[in-house]
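Q: I am attaching a structure below and will ask some questions about it afterwards.
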Amino acid sequence: MATHQDRIELSTSGHRDMHNLTDGVAAIVRASDIDAGLVHVHNVGSTGAVGTIEFEPGLQQDLPEIFDELFPPGREYAHEQRWHDGNGHSHLQATTLSPSITVPVGDGEPILGTWQQIFHLECDVKPRERTVVVTVRGD
């Protein structure tokens, strides 16, 4: 079984910023020369998340808004008592969504639905430089 790993570097504008990673992940899968297997996409850090969604403006607005309703910014989180950095909600949002996903690979491409794209969501309160590690394994 072969393994290929690369990275996608992102600059985010802060809380709620979403990036479509689909083309970058697909390019890494193609460069791997792996025909069938899995691609694992992982955000390095505890306040960013990845997932799949139909990457369109309505959902780019809806998803962060729902997470802000579930874990509102500005609430008194125990995390704030220790670090006083105002991002307790950011950690909870990113953990709930997940820092990583795994997608099957077939015919040398990620297997995604027509309206399914891989995204990164910035949950932290400030702009960040993000590293997303993409690992492809298979034959």
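The chains in the structure tokens are called A, B, ... from first to last as shown; in each chain the residues are counted from 1, and the ligands are counted from 1 in the order shown.
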Leaving out Ile34 in chain A and any residue of its chain fewer than 2 positions from it, which residues lie within 7 Å of it when counting only C-alpha atoms, given as a tab-separated table (two decimals) with C-alpha atoms, in the first residue's frame?
A:
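Listed below is the output, result.tsv:
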chain	number	residue	atom	x	y	z
A	29	VAL	CA	-4.80	12.80	-4.93
A	32	SER	CA	-0.18	10.60	-5.56
A	36	ALA	CA	-8.05	3.42	-5.15
A	108	GLY	CA	-7.45	8.49	-8.93
A	138	GLY	CA	-4.04	3.03	-1.30
A	139	ASP	CA	-2.98	1.19	-4.41
Q: Near Leu38 in chain A, within 6 Å and counting only C-alpha atoms, which residues show up once chain neighbours fewer than 5 positions away are dropped, as an mmCIF file with N, CA and C atoms, in the first residue's frame?
A:
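Final output, out_24.cif:
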data_model
loop_
_atom_site.group_PDB
_atom_site.id
_atom_site.type_symbol
_atom_site.label_atom_id
_atom_site.label_comp_id
_atom_site.auth_asym_id
_atom_site.auth_seq_id
_atom_site.Cartn_x
_atom_site.Cartn_y
_atom_site.Cartn_z
ATOM 1 N N VAL A 103 -12.140 10.589 2.954
ATOM 2 C CA VAL A 103 -12.973 10.441 1.751
ATOM 3 C C VAL A 103 -12.391 9.294 0.918
ATOM 4 N N PRO A 104 -13.239 8.433 0.361
ATOM 5 C CA PRO A 104 -12.713 7.381 -0.510
ATOM 6 C C PRO A 104 -12.126 7.950 -1.794
ATOM 7 N N VAL A 105 -11.170 7.213 -2.347
ATOM 8 C CA VAL A 105 -10.546 7.558 -3.622
ATOM 9 C C VAL A 105 -10.837 6.430 -4.600
ATOM 10 N N VAL A 136 -2.858 10.540 1.368
ATOM 11 C CA VAL A 136 -3.522 9.596 0.467
ATOM 12 C C VAL A 136 -2.883 8.234 0.676
ATOM 13 N N ARG A 137 -3.717 7.223 0.907
ATOM 14 C CA ARG A 137 -3.218 5.845 1.055
ATOM 15 C C ARG A 137 -4.024 4.928 0.163
#
Q: Considering only C-alpha atoms, state which residue in the set A:Val44, A:Leu97, A:Ile66, A:Ala31 is at the smallest distance from Leu10 in chain A.
A: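 Using only C-alpha atoms, the shortest distance to Leu10 in chain A belongs to A:Val44.
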Q: Tell me, which residues of chain A carry DSSP strand (DSSP E), written as an NGL selection string?
A: :A and (2-11 or 18-20 or 37-43 or 48-53 or 100-106 or 109-110 or 117-122 or 129-138)
Q: Please produce a file of the residues just selected, as an mmCIF file, in the first residue's frame, where the atoms kept are C-alpha atoms.
A:
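See result-v1.cif below for the written result:
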data_model
loop_
_atom_site.group_PDB
_atom_site.id
_atom_site.type_symbol
_atom_site.label_atom_id
_atom_site.label_comp_id
_atom_site.auth_asym_id
_atom_site.auth_seq_id
_atom_site.Cartn_x
_atom_site.Cartn_y
_atom_site.Cartn_z
ATOM 1 C CA ALA A 2 1.403 3.387 -1.026
ATOM 2 C CA THR A 3 1.211 6.617 0.982
ATOM 3 C CA HIS A 4 1.506 10.170 -0.323
ATOM 4 C CA GLN A 5 1.292 13.293 1.833
ATOM 5 C CA ASP A 6 1.148 16.988 1.053
ATOM 6 C CA ARG A 7 -0.160 20.189 2.606
ATOM 7 C CA ILE A 8 -2.527 22.977 1.731
ATOM 8 C CA GLU A 9 -1.643 26.344 3.286
ATOM 9 C CA LEU A 10 -4.497 28.802 3.989
ATOM 10 C CA SER A 11 -4.754 32.369 5.201
ATOM 11 C CA MET A 18 -14.750 29.207 4.853
ATOM 12 C CA HIS A 19 -12.469 27.893 2.099
ATOM 13 C CA ASN A 20 -13.260 25.318 -0.584
ATOM 14 C CA GLY A 37 -7.863 4.048 -1.429
ATOM 15 C CA LEU A 38 -8.569 6.860 1.023
ATOM 16 C CA VAL A 39 -7.686 10.515 1.354
ATOM 17 C CA HIS A 40 -7.516 11.955 4.852
ATOM 18 C CA VAL A 41 -7.809 15.738 5.234
ATOM 19 C CA HIS A 42 -6.718 17.171 8.603
ATOM 20 C CA ASN A 43 -6.623 20.739 9.964
ATOM 21 C CA GLY A 48 -10.276 25.056 12.686
ATOM 22 C CA ALA A 49 -12.415 22.323 11.166
ATOM 23 C CA VAL A 50 -12.961 20.480 7.904
ATOM 24 C CA GLY A 51 -15.973 18.722 6.442
ATOM 25 C CA THR A 52 -18.087 18.347 3.348
ATOM 26 C CA ILE A 53 -20.967 20.550 2.266
ATOM 27 C CA SER A 100 -10.468 15.904 9.916
ATOM 28 C CA ILE A 101 -12.395 13.820 7.423
ATOM 29 C CA THR A 102 -11.646 10.773 5.302
ATOM 30 C CA VAL A 103 -12.973 10.441 1.751
ATOM 31 C CA PRO A 104 -12.713 7.381 -0.510
ATOM 32 C CA VAL A 105 -10.546 7.558 -3.622
ATOM 33 C CA GLY A 106 -11.486 5.814 -6.863
ATOM 34 C CA GLU A 109 -9.996 11.060 -7.681
ATOM 35 C CA PRO A 110 -11.778 11.760 -4.386
ATOM 36 C CA GLN A 117 -17.240 19.791 -1.647
ATOM 37 C CA ILE A 118 -14.519 19.598 1.007
ATOM 38 C CA PHE A 119 -14.253 22.771 3.075
ATOM 39 C CA HIS A 120 -12.251 24.357 5.867
ATOM 40 C CA LEU A 121 -14.050 26.499 8.470
ATOM 41 C CA GLU A 122 -12.126 28.949 10.621
ATOM 42 C CA GLU A 129 -2.355 30.892 8.864
ATOM 43 C CA ARG A 130 -3.605 27.316 8.578
ATOM 44 C CA THR A 131 -1.990 24.091 7.469
ATOM 45 C CA VAL A 132 -4.210 21.310 6.187
ATOM 46 C CA VAL A 133 -2.414 17.975 5.877
ATOM 47 C CA VAL A 134 -3.679 15.713 3.080
ATOM 48 C CA THR A 135 -2.657 12.052 3.256
ATOM 49 C CA VAL A 136 -3.522 9.596 0.467
ATOM 50 C CA ARG A 137 -3.218 5.845 1.055
ATOM 51 C CA GLY A 138 -4.038 3.032 -1.302
#
Q: Got a sec to tell me which of chain A DSSP assigns to alpha helix (DSSP H), as an MDAnalysis selection string?
A: chainID A and resid 22:32 57:70 78:83 88:97
Q: Would you mind exporting the chosen residues as a PDB file, in the first residue's frame, restricted to C-alpha atoms?
A:
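Result file is part25.pdb:
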ATOM      1  CA  THR A  22     -11.877  20.354  -3.075  1.00  0.00           C
ATOM      2  CA  ASP A  23      -9.609  21.300  -5.990  1.00  0.00           C
ATOM      3  CA  GLY A  24      -6.489  21.286  -3.825  1.00  0.00           C
ATOM      4  CA  VAL A  25      -7.318  17.884  -2.339  1.00  0.00           C
ATOM      5  CA  ALA A  26      -8.102  16.466  -5.798  1.00  0.00           C
ATOM      6  CA  ALA A  27      -4.771  17.761  -7.136  1.00  0.00           C
ATOM      7  CA  ILE A  28      -2.911  16.042  -4.290  1.00  0.00           C
ATOM      8  CA  VAL A  29      -4.798  12.797  -4.932  1.00  0.00           C
ATOM      9  CA  ARG A  30      -3.916  12.957  -8.638  1.00  0.00           C
ATOM     10  CA  ALA A  31      -0.246  13.658  -7.817  1.00  0.00           C
ATOM     11  CA  SER A  32      -0.178  10.597  -5.560  1.00  0.00           C
ATOM     12  CA  PRO A  57     -23.123  31.188  -0.381  1.00  0.00           C
ATOM     13  CA  GLY A  58     -26.290  30.244   1.520  1.00  0.00           C
ATOM     14  CA  LEU A  59     -24.666  27.326   3.327  1.00  0.00           C
ATOM     15  CA  GLN A  60     -21.456  29.324   3.807  1.00  0.00           C
ATOM     16  CA  GLN A  61     -23.634  31.688   5.853  1.00  0.00           C
ATOM     17  CA  ASP A  62     -25.898  29.079   7.482  1.00  0.00           C
ATOM     18  CA  LEU A  63     -23.280  26.700   8.882  1.00  0.00           C
ATOM     19  CA  PRO A  64     -21.277  29.264  10.913  1.00  0.00           C
ATOM     20  CA  GLU A  65     -24.522  30.938  12.081  1.00  0.00           C
ATOM     21  CA  ILE A  66     -25.852  27.624  13.432  1.00  0.00           C
ATOM     22  CA  PHE A  67     -22.580  26.968  15.247  1.00  0.00           C
ATOM     23  CA  ASP A  68     -22.713  30.472  16.751  1.00  0.00           C
ATOM     24  CA  GLU A  69     -26.223  29.657  18.038  1.00  0.00           C
ATOM     25  CA  LEU A  70     -25.026  26.361  19.553  1.00  0.00           C
ATOM     26  CA  ALA A  78     -14.457  27.902  31.527  1.00  0.00           C
ATOM     27  CA  HIS A  79     -11.725  28.095  28.862  1.00  0.00           C
ATOM     28  CA  GLU A  80     -11.834  31.895  29.188  1.00  0.00           C
ATOM     29  CA  GLN A  81     -11.029  31.710  32.900  1.00  0.00           C
ATOM     30  CA  ARG A  82      -7.730  30.019  32.115  1.00  0.00           C
ATOM     31  CA  TRP A  83      -6.545  31.755  28.920  1.00  0.00           C
ATOM     32  CA  GLY A  88     -13.813  29.088  24.073  1.00  0.00           C
ATOM     33  CA  HIS A  89     -16.654  28.864  21.549  1.00  0.00           C
ATOM     34  CA  SER A  90     -14.056  28.397  18.759  1.00  0.00           C
ATOM     35  CA  HIS A  91     -12.671  25.242  20.355  1.00  0.00           C
ATOM     36  CA  LEU A  92     -16.155  23.800  20.926  1.00  0.00           C
ATOM     37  CA  GLN A  93     -17.281  24.560  17.363  1.00  0.00           C
ATOM     38  CA  ALA A  94     -14.162  23.033  15.792  1.00  0.00           C
ATOM     39  CA  THR A  95     -14.323  19.935  18.011  1.00  0.00           C
ATOM     40  CA  THR A  96     -17.998  19.378  17.229  1.00  0.00           C
ATOM     41  CA  LEU A  97     -17.485  19.683  13.478  1.00  0.00           C
TER      42      LEU A  97
END
Q: CA of Pro127 in chain A and CA of Arg75 in chain A are how many Å apart?
A: 20.5 Å
Q: Between A:Pro99, A:Tyr77, A:His84, A:Phe55, which one has atoms that come closest to Gln116 in chain A, using only C-alpha atoms?
A: A:Phe55
